[in-house]
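Undergrad: Dropping in final05.pdb, with PDB, C-alpha atoms and all ligand atoms.
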```
ATOM      1  CA  MET Y   1     -38.555  -2.881  40.326
ATOM      2  CA  LYS Y   2     -36.069  -5.317  41.811
ATOM      3  CA  VAL Y   3     -32.595  -4.098  42.728
ATOM      4  CA  ILE Y   4     -29.560  -6.352  42.461
ATOM      5  CA  PHE Y   5     -26.596  -5.628  44.709
ATOM      6  CA  HIS Y   6     -23.855  -7.407  46.637
ATOM      7  CA  PRO Y   7     -21.876  -6.016  49.613
ATOM      8  CA  ARG Y   8     -18.634  -7.153  47.947
ATOM      9  CA  TYR Y   9     -19.177  -4.426  45.329
ATOM     10  CA  MET Y  10     -18.274  -1.906  48.047
ATOM     11  CA  ASP Y  11     -14.868  -3.500  48.598
ATOM     12  CA  HIS Y  12     -13.482  -2.651  45.173
ATOM     13  CA  GLN Y  13     -10.959   0.133  45.766
ATOM     14  CA  HIS Y  14      -8.412   2.092  43.817
ATOM     15  CA  PRO Y  15      -5.266   3.109  45.735
ATOM     16  CA  SER Y  16      -5.765   6.873  45.529
ATOM     17  CA  THR Y  17      -8.651   9.255  45.008
ATOM     18  CA  HIS Y  18     -10.607   7.869  42.118
ATOM     19  CA  PRO Y  19     -14.018   8.775  40.699
ATOM     20  CA  GLU Y  20     -15.130   5.128  40.488
ATOM     21  CA  ARG Y  21     -15.524   4.703  44.217
ATOM     22  CA  PRO Y  22     -17.735   2.734  46.616
ATOM     23  CA  GLU Y  23     -19.531   5.923  47.685
ATOM     24  CA  ARG Y  24     -21.340   5.816  44.327
ATOM     25  CA  LEU Y  25     -23.313   2.743  45.388
ATOM     26  CA  GLU Y  26     -23.661   3.999  48.940
ATOM     27  CA  GLY Y  27     -25.232   7.208  47.584
ATOM     28  CA  ILE Y  28     -27.707   5.232  45.508
ATOM     29  CA  LEU Y  29     -28.688   2.937  48.381
ATOM     30  CA  VAL Y  30     -29.169   5.858  50.792
ATOM     31  CA  LYS Y  31     -31.391   7.593  48.230
ATOM     32  CA  LEU Y  32     -33.435   4.458  47.550
ATOM     33  CA  ASP Y  33     -33.801   3.901  51.278
ATOM     34  CA  SER Y  34     -34.967   7.478  51.880
ATOM     35  CA  LEU Y  35     -37.781   6.855  49.394
ATOM     36  CA  SER Y  36     -38.542   3.359  50.755
ATOM     37  CA  LEU Y  37     -37.514   1.774  47.473
ATOM     38  CA  VAL Y  38     -35.227  -0.971  48.791
ATOM     39  CA  ASP Y  39     -37.689  -3.662  49.852
ATOM     40  CA  ASP Y  40     -36.694  -5.924  47.040
ATOM     41  CA  ILE Y  41     -32.913  -6.311  46.958
ATOM     42  CA  LEU Y  42     -31.598  -9.504  45.388
ATOM     43  CA  PHE Y  43     -28.084 -10.753  46.156
ATOM     44  CA  PRO Y  44     -26.286 -12.779  43.518
ATOM     45  CA  GLU Y  45     -24.472 -15.974  44.432
ATOM     46  CA  GLU Y  46     -20.925 -16.615  43.386
ATOM     47  CA  MET Y  47     -20.933 -18.263  39.981
ATOM     48  CA  GLU Y  48     -19.940 -21.906  39.857
ATOM     49  CA  LYS Y  49     -18.587 -22.100  36.313
ATOM     50  CA  ASP Y  50     -16.500 -19.363  34.830
ATOM     51  CA  VAL Y  51     -19.042 -17.922  32.415
ATOM     52  CA  SER Y  52     -16.639 -15.023  31.800
ATOM     53  CA  LYS Y  53     -15.215 -17.378  29.163
ATOM     54  CA  LEU Y  54     -18.320 -16.734  27.078
ATOM     55  CA  VAL Y  55     -16.698 -13.384  26.269
ATOM     56  CA  HIS Y  56     -13.104 -13.211  27.517
ATOM     57  CA  THR Y  57     -10.028 -15.160  26.445
ATOM     58  CA  ASP Y  58      -8.427 -17.684  28.806
ATOM     59  CA  ARG Y  59      -5.193 -15.782  28.591
ATOM     60  CA  TYR Y  60      -6.767 -12.485  29.710
ATOM     61  CA  LEU Y  61      -8.668 -14.157  32.563
ATOM     62  CA  ARG Y  62      -5.523 -15.940  33.723
ATOM     63  CA  SER Y  63      -3.523 -12.721  33.786
ATOM     64  CA  LEU Y  64      -6.280 -10.818  35.619
ATOM     65  CA  SER Y  65      -6.590 -13.585  38.222
ATOM     66  CA  THR Y  66      -2.882 -13.531  39.034
ATOM     67  CA  MET Y  67      -2.342  -9.769  39.233
ATOM     68  CA  THR Y  68      -1.948  -8.401  42.758
ATOM     69  CA  SER Y  69      -1.047  -4.732  42.403
ATOM     70  CA  ASP Y  70      -0.895  -3.422  38.905
ATOM     71  CA  TYR Y  71      -2.665  -1.240  36.358
ATOM     72  CA  LEU Y  72      -4.479  -2.311  33.196
ATOM     73  CA  ASP Y  73      -4.053   1.044  31.509
ATOM     74  CA  GLY Y  74      -2.288   4.314  32.168
ATOM     75  CA  GLY Y  75      -3.032   4.534  35.869
ATOM     76  CA  ASP Y  76      -6.831   4.463  35.615
ATOM     77  CA  THR Y  77      -7.724   0.852  36.180
ATOM     78  CA  PHE Y  78      -6.060  -0.659  39.225
ATOM     79  CA  VAL Y  79      -5.978  -4.393  39.895
ATOM     80  CA  SER Y  80      -5.533  -5.560  43.490
ATOM     81  CA  SER Y  81      -5.454  -9.140  44.715
ATOM     82  CA  GLU Y  82      -9.236  -8.852  45.295
ATOM     83  CA  THR Y  83     -10.209  -7.280  42.004
ATOM     84  CA  TYR Y  84     -10.753 -10.463  40.035
ATOM     85  CA  GLU Y  85     -13.017 -11.981  42.665
ATOM     86  CA  ILE Y  86     -15.124  -8.818  43.000
ATOM     87  CA  ALA Y  87     -15.349  -8.400  39.222
ATOM     88  CA  ARG Y  88     -16.592 -12.003  39.024
ATOM     89  CA  MET Y  89     -19.223 -11.113  41.619
ATOM     90  CA  ALA Y  90     -20.329  -8.241  39.351
ATOM     91  CA  VAL Y  91     -20.659 -10.765  36.516
ATOM     92  CA  SER Y  92     -22.791 -12.912  38.852
ATOM     93  CA  GLY Y  93     -24.985  -9.861  39.375
ATOM     94  CA  ALA Y  94     -25.320  -9.484  35.607
ATOM     95  CA  LEU Y  95     -26.357 -13.134  35.262
ATOM     96  CA  LEU Y  96     -28.953 -12.778  38.003
ATOM     97  CA  SER Y  97     -30.179  -9.617  36.294
ATOM     98  CA  VAL Y  98     -30.624 -11.497  33.006
ATOM     99  CA  ASP Y  99     -32.326 -14.425  34.788
ATOM    100  CA  GLU Y 100     -34.799 -12.036  36.419
ATOM    101  CA  ALA Y 101     -35.428 -10.193  33.150
ATOM    102  CA  MET Y 102     -36.156 -13.493  31.415
ATOM    103  CA  LYS Y 103     -38.781 -14.110  34.113
ATOM    104  CA  LYS Y 104     -40.234 -10.726  33.110
ATOM    105  CA  ASN Y 105     -39.015  -9.094  36.295
ATOM    106  CA  LYS Y 106     -37.671  -5.695  35.325
ATOM    107  CA  ASN Y 107     -34.610  -4.985  37.419
ATOM    108  CA  ILE Y 108     -31.586  -2.796  37.933
ATOM    109  CA  ALA Y 109     -28.184  -4.249  38.822
ATOM    110  CA  LEU Y 110     -25.978  -1.896  40.861
ATOM    111  CA  LEU Y 111     -22.713  -3.412  39.719
ATOM    112  CA  ARG Y 112     -19.152  -2.480  40.644
ATOM    113  CA  PRO Y 113     -16.754  -2.592  38.942
ATOM    114  CA  PRO Y 114     -18.440  -1.557  35.685
ATOM    115  CA  GLY Y 115     -17.787  -3.468  32.468
ATOM    116  CA  HIS Y 116     -18.463  -1.870  29.089
ATOM    117  CA  HIS Y 117     -14.847  -0.882  28.324
ATOM    118  CA  ALA Y 118     -13.597  -4.463  28.763
ATOM    119  CA  GLY Y 119     -13.088  -6.416  25.542
ATOM    120  CA  ALA Y 120     -12.330 -10.090  24.935
ATOM    121  CA  ASP Y 121      -8.662  -9.723  25.866
ATOM    122  CA  TYR Y 122      -8.346  -6.344  27.496
ATOM    123  CA  GLY Y 123      -9.635  -4.179  30.325
ATOM    124  CA  GLY Y 124      -9.452  -0.445  30.920
ATOM    125  CA  GLY Y 125     -11.555   2.612  31.718
ATOM    126  CA  PHE Y 126     -12.283   1.260  35.247
ATOM    127  CA  CYS Y 127     -13.549  -2.027  33.697
ATOM    128  CA  TYR Y 128     -12.210  -5.600  34.039
ATOM    129  CA  LEU Y 129     -14.910  -8.082  32.987
ATOM    130  CA  ASN Y 130     -17.690  -7.042  30.630
ATOM    131  CA  ASN Y 131     -20.760  -7.702  32.782
ATOM    132  CA  ILE Y 132     -23.397  -6.837  30.208
ATOM    133  CA  ALA Y 133     -21.681  -8.665  27.319
ATOM    134  CA  ILE Y 134     -21.363 -11.825  29.403
ATOM    135  CA  GLY Y 135     -25.030 -11.409  30.395
ATOM    136  CA  ALA Y 136     -26.044 -11.085  26.742
ATOM    137  CA  ARG Y 137     -24.135 -14.254  25.755
ATOM    138  CA  PHE Y 138     -25.438 -16.092  28.811
ATOM    139  CA  ALA Y 139     -29.029 -15.332  27.734
ATOM    140  CA  ASP Y 140     -28.341 -17.501  24.649
ATOM    141  CA  LEU Y 141     -30.997 -15.908  22.437
ATOM    142  CA  ASP Y 142     -31.146 -15.045  18.728
ATOM    143  CA  ARG Y 143     -31.758 -11.338  19.290
ATOM    144  CA  VAL Y 144     -30.537  -9.378  22.308
ATOM    145  CA  ALA Y 145     -30.382  -5.577  22.174
ATOM    146  CA  ILE Y 146     -27.861  -3.708  24.297
ATOM    147  CA  VAL Y 147     -28.607   0.005  24.604
ATOM    148  CA  ASP Y 148     -25.637   1.843  26.105
ATOM    149  CA  ILE Y 149     -26.458   5.337  27.356
ATOM    150  CA  ASP Y 150     -23.220   5.872  29.270
ATOM    151  CA  SER Y 151     -21.503   9.006  27.992
ATOM    152  CA  HIS Y 152     -18.419   7.012  26.965
ATOM    153  CA  HIS Y 153     -18.529   4.670  24.009
ATOM    154  CA  GLY Y 154     -18.639   1.064  25.238
ATOM    155  CA  ASN Y 155     -15.686  -0.016  23.106
ATOM    156  CA  GLY Y 156     -15.434  -3.402  24.817
ATOM    157  CA  THR Y 157     -19.068  -4.332  24.189
ATOM    158  CA  SER Y 158     -18.889  -2.962  20.662
ATOM    159  CA  ASP Y 159     -15.740  -4.980  19.847
ATOM    160  CA  ILE Y 160     -17.155  -8.188  21.297
ATOM    161  CA  PHE Y 161     -20.278  -8.073  19.118
ATOM    162  CA  TYR Y 162     -18.900  -6.199  16.102
ATOM    163  CA  SER Y 163     -19.413  -9.101  13.705
ATOM    164  CA  ASP Y 164     -22.458 -10.532  15.437
ATOM    165  CA  SER Y 165     -26.126 -10.024  14.535
ATOM    166  CA  GLU Y 166     -27.393 -11.915  17.590
ATOM    167  CA  VAL Y 167     -26.517  -8.941  19.756
ATOM    168  CA  LEU Y 168     -27.463  -5.485  18.505
ATOM    169  CA  TYR Y 169     -25.358  -2.758  20.101
ATOM    170  CA  ILE Y 170     -26.625   0.827  20.220
ATOM    171  CA  SER Y 171     -24.548   3.525  21.928
ATOM    172  CA  THR Y 172     -25.165   7.210  22.530
ATOM    173  CA  HIS Y 173     -22.021   8.942  23.745
ATOM    174  CA  HIS Y 174     -19.871  12.053  23.827
ATOM    175  CA  HIS Y 175     -17.670  11.987  20.728
ATOM    176  CA  GLY Y 176     -13.930  12.632  21.004
ATOM    177  CA  ILE Y 177     -13.315  11.640  24.639
ATOM    178  CA  TYR Y 178     -12.103   8.309  26.062
ATOM    179  CA  PRO Y 179     -11.938   5.694  24.530
ATOM    180  CA  GLY Y 180     -12.003   7.578  21.213
ATOM    181  CA  THR Y 181     -14.063   4.961  19.370
ATOM    182  CA  GLY Y 182     -17.729   4.817  18.307
ATOM    183  CA  VAL Y 183     -17.941   6.918  15.162
ATOM    184  CA  SER Y 184     -21.213   6.810  13.231
ATOM    185  CA  VAL Y 185     -19.714   4.913  10.280
ATOM    186  CA  ALA Y 186     -18.584   2.028  12.517
ATOM    187  CA  VAL Y 187     -21.661  -0.048  11.725
ATOM    188  CA  GLY Y 188     -20.330  -3.573  12.339
ATOM    189  CA  GLU Y 189     -18.880  -6.085   9.899
ATOM    190  CA  ASP Y 190     -19.629  -9.481   8.364
ATOM    191  CA  GLN Y 191     -22.748 -10.978  10.027
ATOM    192  CA  GLY Y 192     -22.844  -7.947  12.295
ATOM    193  CA  GLU Y 193     -22.954  -5.307   9.573
ATOM    194  CA  GLY Y 194     -25.699  -2.862  10.463
ATOM    195  CA  TYR Y 195     -25.950  -4.154  14.044
ATOM    196  CA  ASN Y 196     -23.556  -1.633  15.577
ATOM    197  CA  VAL Y 197     -25.163   1.756  16.038
ATOM    198  CA  ASN Y 198     -23.297   4.834  17.268
ATOM    199  CA  VAL Y 199     -24.718   8.245  17.979
ATOM    200  CA  ALA Y 200     -21.561  10.282  18.593
ATOM    201  CA  PHE Y 201     -22.771  13.528  20.179
ATOM    202  CA  PRO Y 202     -20.703  16.712  20.347
ATOM    203  CA  ALA Y 203     -20.121  18.379  23.734
ATOM    204  CA  GLY Y 204     -23.181  20.171  25.046
ATOM    205  CA  SER Y 205     -25.733  17.767  23.575
ATOM    206  CA  GLY Y 206     -28.506  17.271  26.073
ATOM    207  CA  ASP Y 207     -32.134  16.366  26.446
ATOM    208  CA  SER Y 208     -33.531  17.462  23.077
ATOM    209  CA  SER Y 209     -30.656  15.758  21.225
ATOM    210  CA  MET Y 210     -31.139  12.549  23.191
ATOM    211  CA  ASN Y 211     -34.893  12.623  22.601
ATOM    212  CA  LEU Y 212     -34.264  13.076  18.888
ATOM    213  CA  ALA Y 213     -31.859  10.105  18.862
ATOM    214  CA  PHE Y 214     -34.448   8.054  20.682
ATOM    215  CA  ASP Y 215     -37.307   8.898  18.336
ATOM    216  CA  ASP Y 216     -35.372   8.733  15.055
ATOM    217  CA  ILE Y 217     -32.880   5.927  15.744
ATOM    218  CA  ILE Y 218     -33.300   3.886  18.936
ATOM    219  CA  ASP Y 219     -37.074   3.426  18.761
ATOM    220  CA  PRO Y 220     -37.309   2.476  15.063
ATOM    221  CA  ILE Y 221     -34.273   0.179  15.113
ATOM    222  CA  LEU Y 222     -35.466  -1.662  18.211
ATOM    223  CA  LYS Y 223     -38.921  -2.098  16.682
ATOM    224  CA  GLN Y 224     -37.437  -3.494  13.474
ATOM    225  CA  TYR Y 225     -34.934  -5.720  15.287
ATOM    226  CA  SER Y 226     -37.618  -7.077  17.615
ATOM    227  CA  PRO Y 227     -35.318  -8.113  20.470
ATOM    228  CA  GLN Y 228     -36.155 -10.989  22.806
ATOM    229  CA  LEU Y 229     -34.376  -9.165  25.632
ATOM    230  CA  ILE Y 230     -33.218  -5.562  26.147
ATOM    231  CA  LEU Y 231     -30.158  -4.842  28.295
ATOM    232  CA  VAL Y 232     -29.284  -1.274  29.179
ATOM    233  CA  SER Y 233     -25.745  -0.116  29.984
ATOM    234  CA  LEU Y 234     -26.774   2.611  32.384
ATOM    235  CA  GLY Y 235     -24.134   5.264  32.832
ATOM    236  CA  THR Y 236     -25.107   8.710  34.069
ATOM    237  CA  ASP Y 237     -21.821  10.487  33.365
ATOM    238  CA  GLY Y 238     -23.433  12.497  30.571
ATOM    239  CA  HIS Y 239     -25.396  14.408  33.200
ATOM    240  CA  TYR Y 240     -24.793  18.144  33.226
ATOM    241  CA  ALA Y 241     -23.664  17.995  36.860
ATOM    242  CA  ASP Y 242     -21.151  15.223  36.123
ATOM    243  CA  VAL Y 243     -17.787  16.704  35.167
ATOM    244  CA  MET Y 244     -16.469  13.448  33.741
ATOM    245  CA  THR Y 245     -17.850  14.182  30.248
ATOM    246  CA  GLY Y 246     -19.297  17.123  28.357
ATOM    247  CA  LEU Y 247     -22.849  16.067  27.585
ATOM    248  CA  SER Y 248     -25.631  18.102  29.211
ATOM    249  CA  LEU Y 249     -28.369  15.613  30.021
ATOM    250  CA  SER Y 250     -30.787  16.182  32.883
ATOM    251  CA  SER Y 251     -31.929  13.604  35.422
ATOM    252  CA  GLN Y 252     -35.408  13.650  33.913
ATOM    253  CA  CYS Y 253     -34.049  12.814  30.473
ATOM    254  CA  TYR Y 254     -32.171   9.789  31.824
ATOM    255  CA  ILE Y 255     -35.259   8.587  33.657
ATOM    256  CA  ASP Y 256     -37.526   9.186  30.635
ATOM    257  CA  THR Y 257     -35.120   7.352  28.323
ATOM    258  CA  CYS Y 258     -35.059   4.364  30.656
ATOM    259  CA  LYS Y 259     -38.862   4.360  31.025
ATOM    260  CA  LYS Y 260     -39.280   4.557  27.249
ATOM    261  CA  LEU Y 261     -36.991   1.541  26.907
ATOM    262  CA  ALA Y 262     -39.109  -0.260  29.517
ATOM    263  CA  SER Y 263     -42.259   0.503  27.478
ATOM    264  CA  LEU Y 264     -40.561  -0.796  24.346
ATOM    265  CA  SER Y 265     -39.654  -3.976  26.212
ATOM    266  CA  ASP Y 266     -43.344  -4.383  27.144
ATOM    267  CA  GLU Y 267     -44.307  -3.938  23.525
ATOM    268  CA  LEU Y 268     -41.549  -6.051  21.946
ATOM    269  CA  CYS Y 269     -40.421  -8.745  24.382
ATOM    270  CA  GLY Y 270     -42.846  -9.226  27.245
ATOM    271  CA  GLY Y 271     -41.152  -6.646  29.482
ATOM    272  CA  ARG Y 272     -37.791  -8.435  29.493
ATOM    273  CA  ILE Y 273     -35.416  -5.621  30.376
ATOM    274  CA  SER Y 274     -32.603  -5.045  32.800
ATOM    275  CA  TYR Y 275     -30.449  -2.038  33.561
ATOM    276  CA  MET Y 276     -26.831  -2.587  34.538
ATOM    277  CA  LEU Y 277     -24.794   0.186  36.098
ATOM    278  CA  GLU Y 278     -21.728   1.443  34.246
ATOM    279  CA  GLY Y 279     -20.419   4.978  34.968
ATOM    280  CA  GLY Y 280     -21.852   8.038  36.707
ATOM    281  CA  TYR Y 281     -19.592   9.929  39.120
ATOM    282  CA  HIS Y 282     -21.659  12.844  40.391
ATOM    283  CA  ILE Y 283     -23.325  10.974  43.171
ATOM    284  CA  PRO Y 284     -26.475  13.103  43.794
ATOM    285  CA  SER Y 285     -27.533  12.940  40.126
ATOM    286  CA  LEU Y 286     -26.608   9.256  39.854
ATOM    287  CA  ALA Y 287     -28.700   8.558  42.954
ATOM    288  CA  GLU Y 288     -31.785  10.488  41.865
ATOM    289  CA  ILE Y 289     -31.711   8.976  38.369
ATOM    290  CA  THR Y 290     -31.513   5.482  39.834
ATOM    291  CA  ALA Y 291     -34.379   6.258  42.198
ATOM    292  CA  GLY Y 292     -36.441   7.613  39.314
ATOM    293  CA  ILE Y 293     -35.902   4.401  37.341
ATOM    294  CA  VAL Y 294     -36.680   2.107  40.268
ATOM    295  CA  SER Y 295     -39.775   3.986  41.421
ATOM    296  CA  ASP Y 296     -43.175   3.478  39.801
ATOM    297  CA  GLU Y 297     -44.062   6.967  40.892
ATOM    298  CA  GLU Y 298     -42.464  10.287  40.017
ATOM    299  CA  VAL Y 299     -39.493  11.143  42.188
ATOM    300  CA  GLU Y 300     -38.773  14.732  43.141
ATOM    301  CA  LEU Y 301     -35.634  15.804  41.254
ATOM    302  CA  GLU Y 302     -32.923  18.317  42.028
ATOM    303  CA  PHE Y 303     -31.240  18.484  38.603
ATOM    304  CA  THR Y 304     -33.845  19.541  36.085
ATOM    305  CA  LYS Y 305     -32.193  22.173  33.873
ATOM    306  CA  ASP Y 306     -32.715  21.856  30.127
ATOM    307  CA  LEU Y 307     -29.415  23.049  28.653
ATOM    308  CA  ASP Y 308     -29.907  21.898  25.067
ATOM    309  CA  LYS Y 309     -32.709  23.993  23.679
ATOM    310  CA  ASN Y 310     -30.996  24.197  20.262
ATOM    311  CA  LYS Y 311     -30.547  20.461  19.720
ATOM    312  CA  LYS Y 312     -26.794  20.542  19.590
ATOM    313  CA  GLY Y 313     -26.635  16.877  18.628
ATOM    314  CA  GLU Y 314     -28.973  17.086  15.647
ATOM    315  CA  GLU Y 315     -26.189  16.669  13.102
ATOM    316  CA  ALA Y 316     -24.807  13.642  14.939
ATOM    317  CA  VAL Y 317     -28.233  12.036  14.726
ATOM    318  CA  LEU Y 318     -28.327  12.730  10.974
ATOM    319  CA  ASP Y 319     -24.835  11.216  10.566
ATOM    320  CA  THR Y 320     -26.013   8.019  12.233
ATOM    321  CA  ILE Y 321     -29.121   7.866  10.066
ATOM    322  CA  ASN Y 322     -26.967   8.310   6.958
ATOM    323  CA  ALA Y 323     -24.635   5.526   8.074
ATOM    324  CA  LEU Y 324     -27.441   3.099   8.826
ATOM    325  CA  HIS Y 325     -30.383   3.813   6.560
ATOM    326  CA  LYS Y 326     -29.454   1.011   4.198
ATOM    327  CA  TYR Y 327     -29.893  -1.499   7.018
ATOM    328  CA  TRP Y 328     -32.909  -0.020   8.780
ATOM    329  CA  GLU Y 329     -35.912   2.063   7.837
ATOM    330  CA  LEU Y 330     -35.047   5.391   9.420
TER     331      LEU Y 330
HETATM  332 ZN    ZN Q 401     -18.747   6.464  31.217
END
```
Translate the structure described by the file into C-alpha cells.
TA:
Amino acid sequence: MKVIFHPRYMDHQHPSTHPERPERLEGILVKLDSLSLVDDILFPEEMEKDVSKLVHTDRYLRSLSTMTSDYLDGGDTFVSSETYEIARMAVSGALLSVDEAMKKNKNIALLRPPGHHAGADYGGGFCYLNNIAIGARFADLDRVAIVDIDSHHGNGTSDIFYSDSEVLYISTHHHGIYPGTGVSVAVGEDQGEGYNVNVAFPAGSGDSSMNLAFDDIIDPILKQYSPQLILVSLGTDGHYADVMTGLSLSSQCYIDTCKKLASLSDELCGGRISYMLEGGYHIPSLAEITAGIVSDEEVELEFTKDLDKNKKGEEAVLDTINALHKYWEL
C-alpha cells in the first residue's frame, strides 16, 4: 500500500506539551521502516488553486490565513504563522490520496494537522481544514462514503454533509466526550436524510461492539449505498492504551476493520479506498495499527487484549438501527 507523507507535516507545533505532536508521525515512520514498509512514499505538491473553498467559507479561510499566534478554541487548537500553510499541505495530501484511490491504488495519508473537527466556517479539536471533506468534494462523484472510526465524532465532516446524499457519513465514536455531537438520531436532513450514521458507543466498548457495528450497520449500509469511493477517517484514539478517550479497542480490531473496508471497496468500487489520519495519541499503538494496515502480511502486535467480552456497545448499535431502519435494510 502506498503511503502519503510530507516533511512539512512535522513542522506543525503547538506552543506547549500537546498530544497532537510531530512524534506521532515519527513513530509511525520508524515502525514502517523497521518492517521495510516505506518503499512507496508519495509526497504531495503544494496545491495551485485553493480547493479548500470546496468546503470552507472565504471568511474562515481569510481569518485562518492571517492569524499568527492565536487559538481557535479554548486553548486546544493553536494557530501560528505557519499553520495555514501546513494545513494546506495536509489538504494537498488528501487530494493526492483521492487521486491515487481513483487510480485503484489503495493508500494511507499520514496527515498533520488532522481535519474532521473542522466545519465550513470553524476549526477546533486540533483541526483547521477538513482534509477528508475537501477530498470527498474534490472527487466530484455521486456517491462517496466516509467512514470515520476516530473515537471522537467528526462534527465538522458531519456538518458539512448533513444535508447531502452525495457523501454518506458513518461515524463510530465514544458518546459524551468532545465535541458532544453525533447522537444516533442525528440522521441528516433534507437531501441528506438517512445519510448521516452515528454509532455512539458508551465508554468501555471495544472489539466485539465494533465488530457488531460493522456487521449490522457499516457493511449493510455500504452495500446498499454502493459508493464509488470509500474514504476512511482513521483515528486510533479509541485504542485501550490511548488515554484520550474511553473506548477499549485493540490494535487487531482497528486493523481488521480497515481490512474489511478494503475488501468492501474491492467488492463495491474497484478497490477505490484511502485512509486519512485523524487522531491517535498513544504512539506505539498508532504505529502498529498503521503498520498492520499498510502491510499485506500479518504484523506482530503488542496490544492484543480483548476488553469487551460482554459487548458493551450492543445497545448503541440497536439505537442506530432503530434510527436508520426506515432508510436502510438493517
Ligand atoms: Zn479523535
Undergrad: Could you write out as a count of residues only the residues that the PyMOL selection byres (((chain Y and resi 198) around 12) and not hetatm) matches in the shown file?
TA: 46
Undergrad: Within 9 Å of segment 48-57 of chain Y, counting all atoms listed in the file, which residues qualify if same-chain residues fewer than 2 places away don't, as a list of chain:residue names?
TA: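 Listed by chain and then number, they are Y:Glu45, Y:Glu46, Y:Arg59, Y:Tyr60, Y:Leu61, Y:Arg62, Y:Arg88, Y:Val91, Y:Ser92, Y:Ala118, Y:Gly119, Y:Ala120, Y:Asp121, Y:Tyr122, Y:Leu129, Y:Asn130, Y:Asn131, Y:Ala133, Y:Ile134, Y:Arg137, Y:Phe138, Y:Ile160.
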Undergrad: Quick one: of Y:Thr257, Y:Asn105, Y:Ser233, Y:Ser165, who's nearest to Gly292 of chain Y, counting all atoms listed in the file?
TA: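 Closest candidate: Y:Thr257.
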Undergrad: Could the residues that lie within 9 Å of ligand ZN 401 (chain Q), counting all atoms listed in the file, be listed as a list of chain:residue names?
TA: Y:His116, Y:His117, Y:Gly125, Y:Ile149, Y:Asp150, Y:Ser151, Y:His152, Y:His153, Y:Gly154, Y:His173, Y:Tyr178, Y:Leu234, Y:Gly235, Y:Thr236, Y:Asp237, Y:Gly238, Y:Met244, Y:Thr245, Y:Glu278, Y:Gly279, Y:Gly280, Y:Tyr281
Undergrad: Return as JSON the centre and edge lengths, in Å with one decimal, of the box along x, y and z that encloses every atom of segment 157-160 of chain Y in the file, padded by 6 Å per side.
TA:
```
{"center_x": -17.4, "center_y": -5.6, "center_z": 22.0, "size_x": 15.3, "size_y": 17.2, "size_z": 16.3}
```
Undergrad: Quick one: of Y:Val243, Y:Ala101, Y:Ala139, Y:Leu111, who's nearest to Ile273 of chain Y, counting only C-alpha atoms?
TA: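 Closest residue, counting only C-alpha atoms: Y:Ala101.
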Undergrad: I'd like to see the residues matched by the PyMOL selection byres (((chain Y and resi 286) around 12) and not hetatm) on this file, and ideally I'd get them as a ChimeraX atom specification.
TA: /Y:23-32,110,150,234-242,249-252,254-255,277-285,287-293,301-303
Undergrad: How far is it from atom CA of Ala262 of chain Y to atom CA of Lys104 of chain Y, in Å with one decimal?
TA: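 Those two atoms sit 11.1 Å apart.
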Undergrad: If the PyMOL selection byres (((chain Y and resi 297) around 12) and not hetatm) is run on the structure shown, which residues does it catch, given as a PyMOL selection string?
TA: chain Y and resi 1+35-37+255+259+291-296+298-300
Undergrad: Could you tell me which of Y:Thr68, Y:Gln228, Y:Ala109, Y:Asp266 comes closest to Gly93 of chain Y if we count all atoms listed in the file?
TA: Y:Ala109
Undergrad: Quick check, in Å to one decimal: how far apart do atom CA of Val79 of chain Y and atom CA of Leu64 of chain Y lie?
TA: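 Going from atom CA of Val79 of chain Y over to atom CA of Leu64 of chain Y covers 7.7 Å.
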Undergrad: Which of these, Y:Tyr225, Y:Tyr128, Y:Phe43, Y:Trp328, has the shortest distance to Thr83 of chain Y once you count only C-alpha atoms?
TA: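 Closest to Thr83 of chain Y of all the choices is Y:Tyr128.
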Undergrad: For the point (-18.9, 20.5, 28.0) in file coordinates, what residues are within 9 Å, counting only C-alpha atoms? Give the answer as JSON, numbers by chain?
TA: {"Y": [202, 203, 204, 205, 240, 243, 245, 246, 247, 248]}
Undergrad: Counting all atoms listed in the file, find residues at most 6 Å from (-31.5, -3.8, 44.1) (file frame) and give them as a ChimeraX atom specification.
TA: /Y:2-5,41-42
Undergrad: Some atoms are absent from segment 176-182 of chain Y, so rebuild N, CA, C and O atoms and return them as a tab-separated table (two decimals), in the coordinates of the input.
TA:
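Resulting contents of part-v3.tsv:
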```tsv
chain	number	residue	atom	x	y	z
Y	176	GLY	N	-15.24	11.99	20.88
Y	176	GLY	CA	-13.93	12.63	21.00
Y	176	GLY	C	-13.29	12.50	22.37
Y	176	GLY	O	-12.18	12.99	22.57
Y	177	ILE	N	-13.94	11.87	23.33
Y	177	ILE	CA	-13.32	11.64	24.64
Y	177	ILE	C	-12.95	10.16	24.72
Y	177	ILE	O	-13.14	9.41	23.76
Y	178	TYR	N	-12.43	9.72	25.87
Y	178	TYR	CA	-12.10	8.31	26.06
Y	178	TYR	C	-13.30	7.43	25.69
Y	178	TYR	O	-14.41	7.78	26.03
Y	179	PRO	N	-13.17	6.33	25.02
Y	179	PRO	CA	-11.94	5.69	24.53
Y	179	PRO	C	-11.61	6.09	23.09
Y	179	PRO	O	-10.69	5.53	22.51
Y	180	GLY	N	-12.33	7.06	22.54
Y	180	GLY	CA	-12.00	7.58	21.21
Y	180	GLY	C	-12.63	6.79	20.07
Y	180	GLY	O	-12.39	7.11	18.91
Y	181	THR	N	-13.42	5.79	20.40
Y	181	THR	CA	-14.06	4.96	19.37
Y	181	THR	C	-15.55	5.34	19.25
Y	181	THR	O	-16.02	6.24	19.93
Y	182	GLY	N	-16.27	4.63	18.38
Y	182	GLY	CA	-17.73	4.82	18.31
Y	182	GLY	C	-18.18	5.88	17.33
Y	182	GLY	O	-19.14	6.61	17.58
```
